[in-house]
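Q: Sharing a structure below in structure tokens format, with a few things to ask.
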Amino acid sequence: MYDSVVIFYRRLLETDSKSLYSVNCVLRSPSFSKAFPFDEDFRAWGCVVEKWDEWSRKKVKQLKEMIRKGIHPQFRPTVWQMLCNAHSLSVQGRYSELLQEACPCEKAIEKDLNRILPQHQLFQGLHSGIQQPLFNVLKAYSVLDQEIGYHQGTAFIAGLLLTQMPEVEAFAVFLRLMQDFRLRELYRPQMVELGCCMFQLEWLIQEQLPELYSHFQTHAFYTSTFFSSWFLTVFLSCLPITAANRVFDIFMCEVQQTNSSGSNDLQGDLMSLRFKEVHTQAQLAQNRHILLQLQTQDQLCSLQLKHITERMHSQRKRLQELMMQNQRMRSLLGQTAEGQQHEAPEDEEAEDSVTTVRKLQHQIAQLQAQ
């Protein structure tokens, strides 16, 4: 049985001309320079892939533990597709059609890829091989989902997928992530989901790391300045490819399990209710979601108000300093004017003092207007 799995996987990689893998006696991953022999870890993951239905339904805890230790690099593409159920999608024909359609985001995608791929650590040594496939995946999705279109953060997610699997398979996984894993909610125009994530993480820092939170507040350091890129790229923008793969292993496993378990629990609850109770339950769920959105918006407004208040305090302090300086200059100007009654009218010092006073008055007027 083990030998049949090995033969099947070899043939799968050898016949796939679009894959970034190369097969040379041993399987080799584009993410690693090291070749991996058929060790015990490979044997274990081969068994998991072959009996995926059993593992994903009856051995969830053991599967989660194995994924947390790291998916074997040679089985990572297959496991990722199975975790998000992308292998059940038939997207080849639709994908080709999407690529033929006009896309208003093409220039923005090209500009970002030319800037990100050669420089970012996630794609070192790989950018020349994935630039066109990545452009295709991002273009196809922007045409398919015109509400979201293209966002720079999606380039990191789709790019990581392309380091592991061919273009069409990467598009299928990306589609599942955006829809079933709710990643598209992060990129919606109002970005309410992003605001919710930022609020939750800031609250966790305040609760779990109170000293660090106080230190940030003391120095007026706002965590929102770097939170957004973390969430919009699922932390891929700040990780090398080895760490990014491990983070994505856990993300795809545990988010998928949370979604499925939540759906099963909800299904069981709804099956036990009558129609009127189902309607009430659905209304309550909708109200909770609206309340969460309002709370998130309220938190964001509070943060903005705090920033504005601090800015006004800083400007008021500056205004007081300028007014004091203005008074000193007026006093100096008065003394100079008294001395000029017995001196020549064109005194350079007096002219400089007048100019300085006028500048100060102009700055004060600007600050008062703000």
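Going by the structure tokens order, chains are called A, B, ..., each with residues numbered from 1, while ligands are numbered from 1 in the order shown.
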Which range 228-261 of chain A residues have any atom within 12 Å of an atom of range 132-151 of chain A, and for each, what is the nearest pair of atoms with distance in Å to one decimal, counting only C-alpha atoms, rows sorted by chain and number, as CSV?

A:
```
residue,atom,partner,partner_atom,distance
A:Ser229,CA,A:His151,CA,11.5
A:Leu232,CA,A:His151,CA,8.8
A:Thr233,CA,A:His151,CA,9.9
```

Q: For Arg57 in chain A, which residue among A:Ala155, A:Leu177, A:Leu83, A:Leu194 is the nearest when counting only C-alpha atoms?

A: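 Between A:Ala155, A:Leu177, A:Leu83, A:Leu194, the residue approaching Arg57 in chain A most closely is A:Leu83.
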
Q: Let's see if you can do this: from backbone DSSP, list all alpha helix (DSSP H) residues in range 57-183 of chain A, as a ChimeraX atom specification.

A: /A:57-58,60-69,76-83,92-100,106-116,127-144,152-162,167-179

Q: Within 12 Å of Trp203 in chain A, counting only C-alpha atoms, which residues qualify if same-chain residues fewer than 4 places away don't, as a VMD selection string?

A: chain A and resid 196 to 199 207 to 210 213 223 to 224 296 299

Q: Could you tell me which of A:Pro189, A:Ser314, A:Phe181, A:Met82 comes closest to Val255 in chain A if we count only C-alpha atoms?

A: A:Phe181

Q: So which residues touch Gly159 in chain A within 9 Å, counting only C-alpha atoms, skipping near sequence neighbours fewer than 4 positions away, as a list in words?

A: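 Using only C-alpha atoms, the neighbours found are Leu117, Leu122, Phe123, Ile130, Gln131, Pro133, Leu134, Thr154, Ala155, Thr163 and Ala170 of chain A.
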
Q: Just how far from CA of Gln100 in chain A is CA of Glu167 in chain A, in Å to one decimal?

A: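 We find that CA of Glu167 in chain A and CA of Gln100 in chain A lie 15.6 Å from each other.
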
Q: What's the separation between CA of Lys58 in chain A and CA of Phe171 in chain A, in Å to one decimal place?

A: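 These atoms are spaced 28.9 Å apart.
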
Q: Determine, for each residue of range 145-166 of chain A having at least one atom at most 12 Å from an atom of range 238-243 of chain A, the closest pair of atoms and their separation in Å to one decimal, counting only C-alpha atoms; order by chain and ascending number, as JSON lines.

A:
```
{"residue": "A:Gly153", "atom": "CA", "partner": "A:Cys238", "partner_atom": "CA", "distance": 11.8}
{"residue": "A:Phe156", "atom": "CA", "partner": "A:Cys238", "partner_atom": "CA", "distance": 10.3}
{"residue": "A:Ile157", "atom": "CA", "partner": "A:Ile241", "partner_atom": "CA", "distance": 11.5}
{"residue": "A:Gly159", "atom": "CA", "partner": "A:Ile241", "partner_atom": "CA", "distance": 10.5}
{"residue": "A:Leu160", "atom": "CA", "partner": "A:Ile241", "partner_atom": "CA", "distance": 7.8}
{"residue": "A:Leu161", "atom": "CA", "partner": "A:Ile241", "partner_atom": "CA", "distance": 10.9}
{"residue": "A:Leu162", "atom": "CA", "partner": "A:Ile241", "partner_atom": "CA", "distance": 11.9}
{"residue": "A:Thr163", "atom": "CA", "partner": "A:Ile241", "partner_atom": "CA", "distance": 9.1}
{"residue": "A:Gln164", "atom": "CA", "partner": "A:Ile241", "partner_atom": "CA", "distance": 10.7}
```

Q: What separation in Å, quoted to one decimal, exists between CA of Gln325 in chain A and CA of Met312 in chain A?

A: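 We find that CA of Gln325 in chain A and CA of Met312 in chain A lie 19.7 Å from each other.
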
Q: From the list A:Trp80, A:Leu332, A:Glu202, A:Met252, which residue is nearest Ser214 in chain A when using only C-alpha atoms?

A: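 Nearest to Ser214 in chain A: A:Glu202.
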